[in-house]
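Written below as structure tokens is the structure these notes are about.
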Amino acid sequence: MIKAVLPGSFDPPTNGHINIIERAAAIFDTVDVVISVNTNKKYLFSAEERFEMLDELTKVYHNVSVHLWNKLIVDYAKNVGATVLVRGVRAFTDFGYEFELSMLNKDLDPDIETIFLPTDPKYFVLRSSAIKELTILNSDISKMVPSLVEVALRDKLLGS
Ligand code: ADP
């Protein structure tokens with residue numbers, strides 16, 4: 001039985017995130033999607049809003065659950081008995097940062113392994129930050145995010 005943790009900001013969730021969640025759910029017995037709550041970071045959506053969106057979007061996967069956490073991710077993993085951290089990697093430029101993060105987490109807890117899943121080529125340009133800008137510019141984001149996220153983004157950024 002291998003429990004995995006998939007941490008991230010998910011501000012907001014994109015089709016790239018959902019793809020990584022779905023693929024992790026097909027590999028591991030259970031996947032805890034853990035939304036980071038970092039008081040030093042500015043998010044567009046509150047932790048509760050991000051939780052509600054991800055909870056709705058992942059209810060089709062029977063072995064996926066969504067959680068909020070404001071401490072070290074390795075501590076979350078240890079608390080729930082998870083042994084794997086999953087991170088999605090888009091471009092090569094993501095890799096340097098992700099590699100360093102995995103070294104840090106390995107140092108914090110050598111029993112927990114980080115596994116990288118390369119993005120599906122369909123989603124490699126998807127970034128939450130770019131999607132927010134595209135929303136403000138009134139671009140079509142319907143292929144980038146689930147429709148409930150599209151509605152929430154328009155509501156938050158354009159007031160409609
Ligand atoms: P963080 O702020 O921790 O990087 P994100 O919400 O940006 O959180 O990302 C959460 C996880 O999803 C990370 O592993 C990230 O690399 C991955 N991810 C984000 N967008 C994509 C995408 N389009 N394809 C594959 N993985 C992605």
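For the structure tokens, the naming scheme is as follows: chains receive sequential letters (A, B, ...) according to their order of presentation, residues are indexed from 1 within each chain, and ligands are indexed from 1 in presentation order.
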Give me the residues near A:Lys3 as a list in words, where near means some atom within 6 Å (using only C-alpha atoms) and where sequence neighbours in that chain fewer than 2 positions away do not count.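 Near A:Lys3, the qualifying residues are Asp29, Thr30 and Ala82 of chain A.
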List all protein, DNA and RNA residues that have at least one atom no more than 9 Å from any atom of ligand 1, counting only C-alpha atoms and all ligand atoms, and write them as a ChimeraX atom specification. /A:6-21,35-36,86-91,94-95,98,116-129,144
How would the residues just chosen look if you wrote them out with C-alpha atoms as a PDB file, in the first residue's frame?
ATOM      1  CA  LEU A   6       0.760  15.830  -4.122  1.00  0.00           C
ATOM      2  CA  PRO A   7       1.481  19.271  -2.687  1.00  0.00           C
ATOM      3  CA  GLY A   8       0.969  22.639  -4.355  1.00  0.00           C
ATOM      4  CA  SER A   9      -0.596  26.087  -4.290  1.00  0.00           C
ATOM      5  CA  PHE A  10      -3.335  25.327  -6.851  1.00  0.00           C
ATOM      6  CA  ASP A  11      -4.127  29.039  -7.196  1.00  0.00           C
ATOM      7  CA  PRO A  12      -6.296  28.124  -9.066  1.00  0.00           C
ATOM      8  CA  PRO A  13      -6.296  24.449 -10.176  1.00  0.00           C
ATOM      9  CA  THR A  14      -5.615  24.021 -13.919  1.00  0.00           C
ATOM     10  CA  ASN A  15      -6.093  21.139 -16.350  1.00  0.00           C
ATOM     11  CA  GLY A  16      -2.336  20.507 -15.904  1.00  0.00           C
ATOM     12  CA  HIS A  17      -2.854  19.931 -12.171  1.00  0.00           C
ATOM     13  CA  ILE A  18      -5.831  17.650 -12.791  1.00  0.00           C
ATOM     14  CA  ASN A  19      -3.786  15.624 -15.287  1.00  0.00           C
ATOM     15  CA  ILE A  20      -1.006  15.098 -12.719  1.00  0.00           C
ATOM     16  CA  ILE A  21      -3.558  14.168 -10.021  1.00  0.00           C
ATOM     17  CA  ILE A  35      -2.993  22.711  -0.580  1.00  0.00           C
ATOM     18  CA  SER A  36      -0.252  24.828   0.932  1.00  0.00           C
ATOM     19  CA  VAL A  86       4.694  13.661  -6.274  1.00  0.00           C
ATOM     20  CA  ARG A  87       5.595  16.806  -8.212  1.00  0.00           C
ATOM     21  CA  GLY A  88       4.703  17.616 -11.793  1.00  0.00           C
ATOM     22  CA  VAL A  89       7.449  19.023 -14.009  1.00  0.00           C
ATOM     23  CA  ARG A  90       6.620  21.138 -17.015  1.00  0.00           C
ATOM     24  CA  ALA A  91       9.615  22.659 -18.758  1.00  0.00           C
ATOM     25  CA  ASP A  94      11.020  23.854 -13.546  1.00  0.00           C
ATOM     26  CA  PHE A  95      13.512  21.095 -12.959  1.00  0.00           C
ATOM     27  CA  GLU A  98      12.054  21.034  -8.176  1.00  0.00           C
ATOM     28  CA  PHE A 116       8.586  13.649 -10.680  1.00  0.00           C
ATOM     29  CA  LEU A 117       5.888  13.220 -13.292  1.00  0.00           C
ATOM     30  CA  PRO A 118       6.648  15.003 -16.559  1.00  0.00           C
ATOM     31  CA  THR A 119       3.726  17.018 -17.831  1.00  0.00           C
ATOM     32  CA  ASP A 120       1.516  15.746 -20.592  1.00  0.00           C
ATOM     33  CA  PRO A 121       2.625  17.769 -23.669  1.00  0.00           C
ATOM     34  CA  LYS A 122      -0.944  19.085 -23.948  1.00  0.00           C
ATOM     35  CA  TYR A 123      -0.485  21.011 -20.714  1.00  0.00           C
ATOM     36  CA  PHE A 124       3.096  22.095 -20.748  1.00  0.00           C
ATOM     37  CA  VAL A 125       2.391  25.774 -21.226  1.00  0.00           C
ATOM     38  CA  LEU A 126      -0.169  25.908 -18.408  1.00  0.00           C
ATOM     39  CA  ARG A 127       0.741  28.045 -15.423  1.00  0.00           C
ATOM     40  CA  SER A 128      -1.705  29.455 -12.905  1.00  0.00           C
ATOM     41  CA  SER A 129       0.017  32.874 -13.117  1.00  0.00           C
ATOM     42  CA  MET A 144      -6.765  25.473 -19.784  1.00  0.00           C
TER      43      MET A 144
END
Test item, helix (DSSP H, G or I) assignment across chain A, answer as a JSON list (two decimals) with C-alpha atoms, in the first residue's frame:
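Done, and the output landed in part13.json:
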[["chain", "number", "residue", "atom", "x", "y", "z"],
["A", 15, "ASN", "CA", -6.09, 21.14, -16.35],
["A", 16, "GLY", "CA", -2.34, 20.51, -15.90],
["A", 17, "HIS", "CA", -2.85, 19.93, -12.17],
["A", 18, "ILE", "CA", -5.83, 17.65, -12.79],
["A", 19, "ASN", "CA", -3.79, 15.62, -15.29],
["A", 20, "ILE", "CA", -1.01, 15.10, -12.72],
["A", 21, "ILE", "CA", -3.56, 14.17, -10.02],
["A", 22, "GLU", "CA", -5.27, 11.65, -12.34],
["A", 23, "ARG", "CA", -1.97, 10.04, -13.34],
["A", 24, "ALA", "CA", -0.75, 9.87, -9.72],
["A", 25, "ALA", "CA", -4.07, 8.28, -8.73],
["A", 26, "ALA", "CA", -3.50, 5.55, -11.34],
["A", 27, "ILE", "CA", -0.05, 4.74, -9.93],
["A", 47, "ALA", "CA", -7.35, 28.37, 1.04],
["A", 48, "GLU", "CA", -11.05, 27.49, 1.47],
["A", 49, "GLU", "CA", -11.87, 28.52, -2.12],
["A", 50, "ARG", "CA", -8.99, 26.43, -3.48],
["A", 51, "PHE", "CA", -10.10, 23.54, -1.28],
["A", 52, "GLU", "CA", -13.70, 23.70, -2.53],
["A", 53, "MET", "CA", -12.64, 23.80, -6.18],
["A", 54, "LEU", "CA", -10.20, 20.87, -5.87],
["A", 55, "ASP", "CA", -12.59, 18.84, -3.74],
["A", 56, "GLU", "CA", -15.27, 19.15, -6.42],
["A", 57, "LEU", "CA", -12.83, 18.46, -9.28],
["A", 73, "ILE", "CA", 5.02, 18.95, 3.72],
["A", 74, "VAL", "CA", 7.26, 16.12, 4.98],
["A", 75, "ASP", "CA", 5.53, 16.47, 8.37],
["A", 76, "TYR", "CA", 2.16, 16.10, 6.67],
["A", 77, "ALA", "CA", 3.42, 12.97, 4.87],
["A", 78, "LYS", "CA", 4.78, 11.47, 8.08],
["A", 79, "ASN", "CA", 1.50, 12.20, 9.95],
["A", 80, "VAL", "CA", -0.59, 10.31, 7.41],
["A", 92, "PHE", "CA", 13.29, 22.02, -18.07],
["A", 93, "THR", "CA", 13.30, 25.36, -16.23],
["A", 94, "ASP", "CA", 11.02, 23.85, -13.55],
["A", 95, "PHE", "CA", 13.51, 21.09, -12.96],
["A", 96, "GLY", "CA", 16.23, 23.11, -11.17],
["A", 97, "TYR", "CA", 13.78, 24.40, -8.60],
["A", 98, "GLU", "CA", 12.05, 21.03, -8.18],
["A", 99, "PHE", "CA", 15.39, 19.24, -7.83],
["A", 100, "GLU", "CA", 16.52, 21.61, -5.05],
["A", 101, "LEU", "CA", 13.19, 21.24, -3.29],
["A", 102, "SER", "CA", 13.52, 17.46, -3.41],
["A", 103, "MET", "CA", 17.04, 17.71, -1.90],
["A", 104, "LEU", "CA", 15.67, 19.85, 0.92],
["A", 105, "ASN", "CA", 12.83, 17.44, 1.60],
["A", 106, "LYS", "CA", 15.21, 14.45, 1.50],
["A", 107, "ASP", "CA", 17.38, 16.19, 4.07],
["A", 108, "LEU", "CA", 14.34, 16.89, 6.27],
["A", 121, "PRO", "CA", 2.62, 17.77, -23.67],
["A", 122, "LYS", "CA", -0.94, 19.09, -23.95],
["A", 123, "TYR", "CA", -0.48, 21.01, -20.71],
["A", 128, "SER", "CA", -1.71, 29.46, -12.90],
["A", 129, "SER", "CA", 0.02, 32.87, -13.12],
["A", 130, "ALA", "CA", -0.32, 33.10, -16.92],
["A", 131, "ILE", "CA", -3.93, 31.97, -16.77],
["A", 132, "LYS", "CA", -4.75, 34.82, -14.37],
["A", 133, "GLU", "CA", -3.23, 37.31, -16.82],
["A", 134, "LEU", "CA", -5.12, 35.80, -19.74],
["A", 135, "THR", "CA", -8.36, 36.10, -17.76],
["A", 136, "ILE", "CA", -7.74, 39.80, -17.15],
["A", 147, "SER", "CA", -15.25, 25.27, -16.26],
["A", 148, "LEU", "CA", -15.90, 25.83, -12.56],
["A", 149, "VAL", "CA", -12.44, 27.41, -12.28],
["A", 150, "GLU", "CA", -13.07, 29.54, -15.37],
["A", 151, "VAL", "CA", -16.25, 30.90, -13.76],
["A", 152, "ALA", "CA", -14.46, 31.54, -10.44],
["A", 153, "LEU", "CA", -11.57, 33.33, -12.21],
["A", 154, "ARG", "CA", -13.86, 35.59, -14.22],
["A", 155, "ASP", "CA", -15.85, 36.36, -11.10],
["A", 156, "LYS", "CA", -12.76, 37.17, -9.04],
["A", 157, "LEU", "CA", -10.80, 39.14, -11.65],
["A", 158, "LEU", "CA", -13.49, 40.70, -13.83]]
Looking at only C-alpha atoms, which of A:Ile112, A:Leu137, A:Leu44, A:Val145 is the one that sits closest to A:Thr83?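 Smallest distance to A:Thr83 is found for A:Ile112.
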Residues flagged strand (DSSP E or B) by DSSP in chain A, as a PyMOL selection string: chain A and resi 3-8+30-36+64-69+84-89+113-118
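Among the candidates A:Asn38, A:Gly159, A:Val33, A:Ser139, the residue lying nearest to A:Asn63 is A:Val33 (atoms considered: only C-alpha atoms).
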